[in-house]
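S.K.: Just one file: model-v1.txt, with compact mmCIF, C-alpha atoms.
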```txt
# COMPACT_ATOMS: atom_id res chain seq x y z
CA MET A 225 -10.47 -6.75 29.31
CA VAL A 226 -9.02 -6.09 25.89
CA SER A 227 -5.90 -3.96 25.96
CA HIS A 228 -5.97 -0.83 23.89
CA ILE A 229 -3.40 -0.05 21.31
CA ASN A 230 -2.71 3.07 19.35
CA LEU A 231 -0.09 2.60 16.67
CA ASN A 232 0.78 6.28 16.88
CA GLN A 233 1.73 5.95 20.52
CA ILE A 234 2.87 2.40 20.90
CA ASP A 235 4.91 1.66 24.01
CA ASN A 236 8.23 -0.22 24.01
CA MET A 237 6.71 -3.35 25.49
CA GLN A 238 4.03 -3.57 22.83
CA PHE A 239 6.55 -2.87 20.08
CA ASP A 240 8.82 -5.63 21.39
CA VAL A 241 5.97 -8.09 21.40
CA LEU A 242 4.97 -7.25 17.85
CA ARG A 243 8.59 -7.52 16.78
CA GLU A 244 8.94 -10.87 18.48
CA ILE A 245 5.84 -12.15 16.71
CA GLY A 246 7.48 -11.00 13.49
CA ASN A 247 10.74 -12.76 14.34
CA ILE A 248 9.17 -16.07 15.17
CA GLY A 249 6.81 -15.96 12.21
CA ALA A 250 9.55 -15.10 9.75
CA GLY A 251 11.81 -17.80 11.21
CA ASN A 252 9.17 -20.45 10.74
CA ALA A 253 8.42 -19.21 7.25
CA THR A 254 12.06 -19.48 6.29
CA THR A 255 12.29 -23.04 7.61
CA ALA A 256 9.21 -23.98 5.60
CA LEU A 257 10.64 -22.42 2.47
CA SER A 258 13.94 -24.20 2.99
CA GLN A 259 12.15 -27.55 3.23
CA MET A 260 10.09 -26.79 0.17
CA ILE A 261 13.07 -26.12 -2.09
CA ASN A 262 15.17 -28.67 -0.29
CA SER A 263 18.16 -26.46 0.25
CA LYS A 264 19.63 -24.51 3.10
CA ILE A 265 18.30 -21.00 3.57
CA ASP A 266 19.76 -18.53 6.00
CA MET A 267 17.81 -15.74 7.56
CA LYS A 268 19.01 -12.55 9.18
CA VAL A 269 17.28 -11.09 12.20
CA PRO A 270 14.21 -9.37 10.83
CA LYS A 271 14.00 -5.61 10.92
CA VAL A 272 10.76 -4.30 12.29
CA ASP A 273 9.70 -0.76 11.60
CA LEU A 274 6.74 1.43 12.30
CA LEU A 275 6.63 3.71 9.29
CA GLU A 276 4.70 6.75 8.21
CA PHE A 277 2.72 6.17 5.03
CA LYS A 278 4.89 8.69 3.23
CA GLU A 279 7.99 6.59 3.94
CA LEU A 280 6.45 3.21 3.36
CA SER A 281 7.12 2.65 -0.31
CA ASP A 282 10.63 4.15 -0.22
CA ILE A 283 11.74 1.18 1.85
CA VAL A 284 11.00 -1.30 -0.89
CA GLY A 285 13.11 0.38 -3.55
CA GLY A 286 10.78 3.25 -4.37
CA ALA A 287 7.08 3.44 -5.12
CA GLU A 288 7.56 2.53 -8.78
CA ASN A 289 9.71 -0.53 -8.17
CA ILE A 290 7.89 -3.59 -9.51
CA VAL A 291 7.14 -6.15 -6.82
CA VAL A 292 5.15 -9.32 -6.27
CA GLY A 293 2.57 -9.05 -3.51
CA ILE A 294 0.72 -12.07 -2.16
CA LEU A 295 -2.15 -11.21 0.11
CA PHE A 296 -4.34 -13.25 2.44
CA THR A 297 -7.38 -12.25 4.40
CA LEU A 298 -7.56 -13.59 7.95
CA GLU A 299 -10.52 -14.86 9.87
CA GLY A 300 -11.17 -16.67 13.12
CA GLN A 301 -10.11 -15.11 16.38
CA ILE A 302 -7.88 -12.67 14.54
CA ASP A 303 -9.41 -10.65 11.71
CA GLY A 304 -7.44 -8.67 9.19
CA MET A 305 -5.02 -9.36 6.40
CA MET A 306 -1.43 -10.29 5.87
CA MET A 307 0.82 -9.74 2.89
CA PHE A 308 4.11 -11.15 1.78
CA MET A 309 5.99 -9.01 -0.68
CA MET A 310 9.26 -9.37 -2.55
CA ASP A 311 10.86 -7.67 -5.50
CA LEU A 312 10.82 -9.16 -8.95
CA SER A 313 14.34 -10.59 -8.92
CA ALA A 314 13.69 -12.26 -5.56
CA ALA A 315 10.50 -13.81 -6.91
CA ARG A 316 12.32 -15.02 -10.00
CA HIS A 317 15.11 -16.51 -7.89
CA LEU A 318 12.66 -18.43 -5.70
CA VAL A 319 10.76 -19.72 -8.73
CA ASN A 320 14.04 -20.85 -10.30
CA LEU A 321 15.02 -22.67 -7.11
CA LEU A 322 11.66 -24.34 -6.83
CA MET A 323 11.31 -25.37 -10.45
CA GLY A 324 14.97 -26.00 -11.20
CA THR A 325 15.00 -23.41 -13.98
CA THR A 326 17.58 -20.71 -14.72
CA THR A 327 15.49 -17.93 -16.22
CA ASP A 328 17.11 -14.50 -16.16
CA SER A 329 16.14 -12.56 -13.07
CA GLN A 330 15.10 -9.47 -14.99
CA THR A 331 12.39 -11.29 -16.94
CA THR A 332 9.09 -9.79 -15.83
CA ASP A 333 6.77 -12.31 -17.47
CA PHE A 334 5.88 -15.37 -15.48
CA SER A 335 4.23 -18.39 -17.10
CA ASP A 336 1.04 -19.81 -15.59
CA MET A 337 3.08 -22.58 -14.05
CA GLU A 338 5.50 -20.10 -12.51
CA LEU A 339 2.67 -17.94 -11.18
CA SER A 340 1.18 -20.96 -9.56
CA ALA A 341 4.56 -21.79 -8.03
CA LEU A 342 4.73 -18.25 -6.64
CA ASN A 343 1.28 -18.62 -5.15
CA GLU A 344 2.42 -21.82 -3.51
CA ILE A 345 5.50 -20.11 -2.11
CA GLY A 346 3.20 -17.47 -0.70
CA ASN A 347 0.96 -20.13 0.78
CA ILE A 348 3.80 -21.93 2.52
CA ILE A 349 5.34 -18.76 3.88
CA ALA A 350 2.06 -17.33 5.11
CA GLY A 351 0.95 -20.67 6.53
CA ALA A 352 4.13 -21.02 8.57
CA TYR A 353 3.92 -17.42 9.71
CA LEU A 354 0.31 -17.72 10.79
CA SER A 355 0.67 -21.06 12.50
CA SER A 356 3.43 -19.65 14.68
CA LEU A 357 1.26 -16.66 15.50
CA SER A 358 -1.59 -19.00 16.25
CA SER A 359 0.37 -21.21 18.64
CA LEU A 360 2.00 -18.21 20.32
CA THR A 361 -1.31 -16.57 21.08
CA ASN A 362 -3.31 -19.76 21.39
CA MET A 363 -5.87 -18.30 19.02
CA LEU A 364 -7.49 -19.82 15.98
CA ILE A 365 -6.57 -18.07 12.75
CA THR A 366 -7.63 -19.16 9.29
CA SER A 367 -6.48 -17.58 6.08
CA SER A 368 -8.03 -17.21 2.64
CA VAL A 369 -6.51 -18.53 -0.56
CA PRO A 370 -3.59 -16.37 -1.77
CA TYR A 371 -4.31 -13.37 -3.97
CA MET A 372 -1.39 -12.21 -6.05
CA SER A 373 -0.59 -8.99 -7.84
CA ILE A 374 2.53 -7.88 -9.70
CA ASP A 375 2.73 -4.11 -9.94
CA MET A 376 4.38 -0.95 -8.58
CA SER A 377 5.22 -1.31 -4.88
CA GLY A 378 3.30 1.85 -3.99
CA ALA A 379 0.15 0.47 -5.56
CA ILE A 380 0.52 -2.95 -3.91
CA LEU A 381 1.30 -1.39 -0.53
CA SER A 382 -1.73 0.87 -0.76
CA VAL A 383 -3.94 -2.10 0.09
CA PRO A 384 -2.45 -2.89 3.52
CA ALA A 385 -1.69 0.81 4.09
CA ILE A 386 -5.39 1.61 3.77
CA GLU A 387 -6.17 -0.98 6.44
CA PHE A 388 -3.56 0.58 8.73
CA GLY A 389 -4.99 3.97 7.82
CA LYS A 390 -8.25 3.03 9.49
CA ILE A 391 -6.52 2.73 12.86
CA GLY A 392 -3.65 5.20 12.73
CA ASP A 393 -1.04 6.98 10.69
CA LYS A 394 1.65 4.34 10.70
CA ALA A 395 2.16 0.87 9.31
CA LEU A 396 4.07 -2.03 10.83
CA LEU A 397 6.50 -3.57 8.35
CA ILE A 398 8.69 -6.61 9.00
CA GLU A 399 11.62 -7.00 6.65
CA THR A 400 13.47 -10.27 6.51
CA GLU A 401 16.48 -11.06 4.43
CA PHE A 402 16.95 -14.68 3.57
CA GLY A 403 18.90 -16.48 0.95
CA ASP A 404 20.93 -19.46 -0.16
CA ASP A 405 24.62 -19.44 -1.01
CA ILE A 406 24.05 -17.73 -4.32
CA LYS A 407 21.73 -14.88 -3.63
CA ALA A 408 20.15 -13.06 -0.73
CA VAL A 409 16.47 -12.42 -1.12
CA ASN A 410 14.58 -9.70 0.68
CA GLY A 411 11.06 -10.43 1.73
CA TYR A 412 8.61 -8.20 3.55
CA PHE A 413 5.81 -9.30 5.82
CA ILE A 414 2.97 -7.06 6.65
CA LEU A 415 0.47 -8.22 9.21
CA ILE A 416 -2.58 -6.08 9.68
CA PRO A 417 -4.94 -7.24 12.37
CA THR A 418 -8.05 -5.16 12.87
CA LEU A 419 -7.91 -2.82 15.86
CA GLU A 420 -9.88 -5.28 18.00
CA SER A 421 -7.56 -8.11 16.97
CA TYR A 422 -4.46 -6.12 17.96
CA GLY A 423 -5.93 -5.86 21.43
CA ALA A 424 -6.80 -9.54 21.41
CA ILE A 425 -3.25 -10.55 20.42
CA LEU A 426 -1.69 -8.44 23.16
CA SER A 427 -4.19 -9.64 25.78
CA SER A 428 -3.54 -13.26 24.88
CA LEU A 429 0.10 -12.62 25.69
CA GLY A 430 -0.79 -11.08 29.02
CA LEU A 431 -0.29 -7.43 28.06
CA MET B 94 9.42 22.43 -16.20
CA ASP B 95 11.63 23.25 -13.23
CA ASN B 96 10.92 21.09 -10.21
CA MET B 97 8.84 17.95 -9.86
CA ILE B 98 7.11 18.18 -6.48
CA LYS B 99 6.47 14.78 -4.93
CA VAL B 100 3.36 13.94 -2.93
CA GLY B 101 3.40 10.80 -0.75
CA MET B 102 0.62 8.57 0.47
CA ALA B 103 -1.87 10.43 2.70
CA ASP B 104 -0.12 13.65 1.77
CA LEU B 105 -0.82 16.80 -0.24
CA ASN B 106 1.03 19.68 -1.82
CA ILE B 107 0.58 22.59 -4.19
CA CYS B 108 2.56 23.80 -7.16
CA VAL B 109 2.77 26.78 -9.49
CA THR B 110 3.98 26.75 -13.09
CA PRO B 111 6.75 26.12 -14.26
CA ASP B 112 6.95 23.39 -11.58
CA ALA B 113 5.03 20.15 -11.89
CA ILE B 114 3.56 17.82 -9.27
CA THR B 115 3.49 14.03 -9.04
CA THR B 116 2.48 11.08 -6.89
CA LEU B 117 3.96 7.63 -7.46
CA GLY B 118 2.31 4.24 -7.46
CA LEU B 119 -1.35 4.99 -6.78
CA GLY B 120 -3.17 1.74 -6.03
CA SER B 121 -6.55 1.80 -4.32
CA CYS B 122 -5.83 5.33 -3.19
CA VAL B 123 -7.07 8.23 -5.31
CA GLY B 124 -4.96 11.09 -6.61
CA ILE B 125 -7.01 14.27 -6.91
CA VAL B 126 -5.57 17.16 -8.91
CA LEU B 127 -7.24 20.55 -8.52
CA TYR B 128 -6.27 23.24 -11.00
CA ASP B 129 -6.84 26.93 -11.48
CA PRO B 130 -6.21 27.30 -15.24
CA ARG B 131 -5.96 31.10 -15.19
CA LYS B 132 -3.44 31.37 -12.36
CA LYS B 133 -1.78 28.09 -13.37
CA ILE B 134 -1.82 26.92 -9.77
CA ALA B 135 -2.31 23.21 -9.09
CA GLY B 136 -2.70 21.05 -6.01
CA LEU B 137 -2.55 17.30 -5.54
CA VAL B 138 -3.84 15.19 -2.68
CA HIS B 139 -3.26 11.42 -2.36
CA VAL B 140 -6.21 10.15 -0.30
CA MET B 141 -6.48 6.65 1.21
CA LEU B 142 -9.95 6.56 2.69
CA PRO B 143 -13.35 7.96 1.73
CA ASP B 144 -14.73 9.46 4.90
CA SER B 145 -13.02 11.06 7.92
CA THR B 146 -16.17 10.92 10.02
CA LYS B 147 -16.11 7.10 10.05
CA ILE B 148 -12.64 6.92 11.57
CA ILE B 149 -11.74 7.76 15.16
CA ASN B 150 -8.13 8.72 14.51
CA ASN B 151 -8.54 11.37 11.80
CA GLU B 152 -5.89 14.00 12.53
CA ASN B 153 -4.16 13.61 9.18
CA LYS B 154 -6.59 15.49 6.93
CA ALA B 155 -4.81 14.49 3.71
CA LYS B 156 -5.72 10.87 4.35
CA PHE B 157 -9.41 11.32 3.58
CA ALA B 158 -11.30 12.37 0.45
CA ASP B 159 -13.59 14.79 2.30
CA THR B 160 -11.09 16.65 4.51
CA GLY B 161 -8.21 16.29 2.02
CA ILE B 162 -10.03 18.19 -0.72
CA ASP B 163 -11.07 20.95 1.71
CA LEU B 164 -7.52 21.42 2.96
CA LEU B 165 -6.09 21.39 -0.57
CA ILE B 166 -8.48 24.14 -1.69
CA LYS B 167 -7.55 26.22 1.33
CA LYS B 168 -3.85 25.88 0.61
CA MET B 169 -4.34 26.78 -3.04
CA CYS B 170 -6.44 29.84 -2.20
CA ASP B 171 -3.78 30.94 0.29
CA ILE B 172 -1.34 31.40 -2.58
CA GLY B 173 -3.83 33.11 -4.86
CA ALA B 174 -5.96 30.49 -6.58
CA ASN B 175 -9.61 31.34 -7.10
CA SER B 176 -11.87 28.69 -5.56
CA ASN B 177 -14.57 29.41 -8.18
CA SER B 178 -12.38 28.63 -11.16
CA LEU B 179 -11.04 25.27 -9.97
CA ILE B 180 -11.37 22.15 -12.10
CA ALA B 181 -10.41 18.58 -11.18
CA LYS B 182 -8.69 15.58 -12.71
CA ILE B 183 -8.66 12.32 -10.79
CA ALA B 184 -6.90 8.95 -11.07
CA GLY B 185 -6.46 5.75 -9.07
CA GLY B 186 -9.01 3.77 -7.05
CA ALA B 187 -7.90 0.44 -8.51
CA GLN B 188 -8.69 -2.96 -7.06
CA MET B 189 -5.18 -4.37 -6.82
CA PHE B 190 -6.11 -7.91 -5.79
CA ALA B 191 -8.77 -9.99 -7.52
CA PHE B 192 -10.87 -10.87 -4.49
CA GLY B 193 -13.98 -12.83 -5.29
CA SER B 194 -16.00 -11.44 -2.43
CA ASN B 195 -17.70 -8.07 -2.34
CA SER B 196 -16.71 -7.24 1.21
CA GLU B 197 -16.13 -3.64 2.25
CA MET B 198 -12.37 -4.10 2.53
CA MET B 199 -12.14 -5.16 -1.10
CA ARG B 200 -14.19 -2.36 -2.62
CA ILE B 201 -12.11 0.39 -1.05
CA GLY B 202 -10.78 1.78 -4.35
CA GLU B 203 -14.27 2.13 -5.75
CA ARG B 204 -15.51 3.76 -2.55
CA ASN B 205 -12.63 6.25 -2.60
CA VAL B 206 -13.60 7.29 -6.13
CA GLU B 207 -17.29 7.60 -5.20
CA ALA B 208 -16.50 9.73 -2.15
CA THR B 209 -14.20 11.96 -4.21
CA LYS B 210 -16.91 12.56 -6.81
CA ILE B 211 -19.55 13.34 -4.19
CA LYS B 212 -17.26 15.82 -2.44
CA LEU B 213 -16.29 17.57 -5.69
CA LYS B 214 -19.93 17.77 -6.73
CA GLN B 215 -20.89 19.37 -3.41
CA LEU B 216 -18.21 21.98 -3.96
CA GLY B 217 -19.29 22.56 -7.57
CA ILE B 218 -15.90 21.53 -8.98
CA ARG B 219 -16.13 19.93 -12.40
CA ILE B 220 -14.16 16.73 -13.14
CA MET B 221 -12.51 17.33 -16.51
CA ALA B 222 -10.86 13.92 -16.80
CA GLU B 223 -10.55 10.69 -14.86
CA ASP B 224 -8.73 7.39 -15.10
CA THR B 225 -10.03 5.28 -12.25
CA GLY B 226 -10.82 1.68 -11.34
CA ALA B 227 -9.39 -1.42 -13.09
CA ASN B 228 -6.70 -3.50 -11.41
CA TYR B 229 -3.36 -1.77 -11.93
CA GLY B 230 -1.23 0.89 -10.27
CA ARG B 231 -0.71 4.38 -11.68
CA THR B 232 1.92 7.09 -11.37
CA ILE B 233 0.52 10.51 -12.19
CA GLU B 234 2.22 13.78 -13.13
CA PHE B 235 0.42 17.09 -13.54
CA TYR B 236 1.81 20.05 -15.48
CA PRO B 237 0.11 23.35 -14.57
CA GLU B 238 1.65 25.01 -17.63
CA THR B 239 -0.43 22.87 -20.04
CA GLY B 240 -3.05 21.44 -17.67
CA GLU B 241 -2.07 17.95 -18.78
CA LEU B 242 -2.27 14.92 -16.49
CA HIS B 243 0.18 12.16 -17.48
CA ILE B 244 -0.51 8.62 -16.30
CA LYS B 245 2.09 5.85 -16.29
CA SER B 246 1.38 2.19 -15.54
CA VAL B 247 3.41 -0.99 -15.71
CA GLY B 248 3.39 -2.45 -19.23
CA LYS B 249 1.09 0.25 -20.62
CA GLU B 250 1.50 3.29 -22.82
CA ARG B 251 1.68 6.68 -21.12
CA LYS B 252 -1.80 8.26 -21.10
CA ILE B 253 -2.33 12.00 -21.33
CA LEU B 254 -5.60 13.44 -20.01
```
When written as structure tokens, how does the structure in this file appear?
M.R.:
Amino acid sequence: MVSHINLNQIDNMQFDVLREIGNIGAGNATTALSQMINSKIDMKVPKVDLLEFKELSDIVGGAENIVVGILFTLEGQIDGMMMFMMDLSAARHLVNLLMGTTTDSQTTDFSDMELSALNEIGNIIAGAYLSSLSSLTNMLITSSVPYMSIDMSGAILSVPAIEFGKIGDKALLIETEFGDDIKAVNGYFILIPTLESYGAILSSLGL
Amino acid sequence: MDNMIKVGMADLNICVTPDAITTLGLGSCVGIVLYDPRKKIAGLVHVMLPDSTKIINNENKAKFADTGIDLLIKKMCDIGANSNSLIAKIAGGAQMFAFGSNSEMMRIGERNVEATKIKLKQLGIRIMAEDTGANYGRTIEFYPETGELHIKSVGKERKIL
């Protein structure tokens, strides 16, 4: 029996479970990132929101704010997609940490090397996030290679929003703030299982 | 211009000169502007999906190309637009991520544009201008006073259609 879920009328229990998945995933992702750049990274408790589409892009600094989105498609026992998104200065800060550079955070152009570093950051973060989801649910999840786009947040968010749009009128957004001593970086996770996979995740956890 | 009326994702609104209407950061969604040039009444709908009949949960009519356009026309006619004199300008439907595969999920922008064109053709509304496809986001502004559609994208010149 697969439990049914309607994102428009989600109950507290289901919301808590989804939030907890977000917490654990983001925690693991932060640890992985910290190991990658070999420095301490702190993370605040993630904020989980179910948002109307109209509100979605306002959260990330307005629909025209330029952001980096790294997207993965998921296969295996959970189908869907996940995206990690951060604003331009956060992306620049992470690239600087990883590559030991000090490029100004407002520079919008990334070299090929820096883009590839960003992709790798995305890979590590998504990998850690998904492996925690996988062990929590005891389900096999595989992800595609990372696809990256740097553009207005509204345009980037339209891709996961459309997937949410197929199953309801709200999107589930997990915001995590992490950072080193110098700068706090805001990152956003968006996990979009297909409707069937939502049910499968909740059933695997006994709901 | 007096006010700039903002339309969100899966949302629609109407506007009368001297106001203008905008939607920010269109990605794979399509922004459809309908315009009655004589009355200078315009409407804008920001649709996410092509077809309401394929989706179980379809209460939000502005989310779909088919029902969104119908509802927009109704709202415009309610304030005095003439449904026979409407023209259209459309933008958006980009593919934001460079997926290699041709799966359904990836072609959504293209399918939104196709569905929009089919619906407008059925209604006999002519598309006067379009800026669709490619791989970048667009902010659009429509000015009923002049009938101009302004398109802004990251790192590109402002386009006027």
S.K.: Provide as a ChimeraX atom specification the residues of chain B at most 7 Å from chain A, counting all atoms listed in the file.
M.R.: /B:101-103,117-122,141-142,148,150,189-191,229-230,247
S.K.: Smallest atom-to-atom distance to B:Leu127: which of B:Glu207, B:Asp171, B:Asp163, B:Asp224, using all atoms listed in the file?
M.R.: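 Of B:Glu207, B:Asp171, B:Asp163, B:Asp224, the one nearest B:Leu127 is B:Asp163, counting all atoms listed in the file.
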S.K.: Calculate how many Å separate atom CA of B:Val140 from atom CA of B:Leu164, rounding to one decimal.
M.R.: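 Atom CA of B:Val140 sits 11.8 Å away from atom CA of B:Leu164.
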S.K.: As a ChimeraX atom specification, please: the residues near B:Gly161 (cut-off 10 Å, all atoms listed in the file, same-chain neighbours under 3 positions excluded).
M.R.: /B:103-105,125,137-145,153-158,164-167,209
S.K.: Pick the closest to B:Ile162 from B:Asp112, B:Phe192, B:Ile218, B:Met199: which is it, counting all atoms listed in the file?
M.R.: B:Ile218
S.K.: So how many Å separate atom CA of A:Arg243 and atom CA of A:Val272, to one decimal?
M.R.: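 Pair atom CA of A:Arg243 / atom CA of A:Val272 returns 5.9 Å.
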S.K.: Would you list the contacts of A:Gly300 as a PyMOL selection string, taking every protein, DNA or RNA residue within 10 Å and counting only C-alpha atoms, but skipping same-chain residues closer than 3 positions in sequence?
M.R.: chain A and resi 303-304+363-367
S.K.: So how many Å separate atom CA of B:Pro111 and atom CA of B:Thr239, to one decimal?
M.R.: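 Atom-to-atom, atom CA of B:Pro111 and atom CA of B:Thr239 are spaced 9.8 Å apart.
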S.K.: Which one is closest to B:Ser246: B:Pro130, B:Gly185, B:Gly173, B:Gly124? Count all atoms listed in the file.
M.R.: B:Gly185
S.K.: Check the smallest atom-to-atom distance from each of A:Phe334, A:Met310, A:Leu396, A:Leu429 to A:Ser358 using only C-alpha atoms, then report the winner.
M.R.: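 Checking each of A:Phe334, A:Met310, A:Leu396, A:Leu429 against A:Ser358, counting only C-alpha atoms, the winner is A:Leu429.
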S.K.: Compare B:Asp159, B:Val206, B:Asn106, B:Ala187 by their minimum atom-to-atom distance to B:Val126, counting all atoms listed in the file, and give me the closest one.
M.R.: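 Closest candidate: B:Asn106.
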S.K.: What's around A:Met323 at 9 Å? Count only C-alpha atoms, leave out sequence neighbours fewer than 2 positions away in its own chain, and write the answer as an NGL selection string.
M.R.: :A and (261 or 318-321 or 325-326 or 338 or 341)
S.K.: Find the spatial neighbours of A:Leu312, counting all atoms listed in the file, within a cut-off of 7 Å - ignore same-chain residues fewer than 4 positions away - and output them as an MDAnalysis selection string.
M.R.: chainID A and resid 290:292 316
S.K.: From the list A:Ile265, A:Ala408, A:Leu342, A:Leu360, which residue is nearest A:Val241 when using only C-alpha atoms?
M.R.: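 Of A:Ile265, A:Ala408, A:Leu342, A:Leu360, the one nearest A:Val241 is A:Leu360, counting only C-alpha atoms.
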S.K.: Do a neighbour search on B:Glu223 at 8 Å with all atoms listed in the file, toss out local chain neighbours closer than 2 positions, and write the hits as a PyMOL selection string.
M.R.: chain B and resi 182-184+220-221+225+254
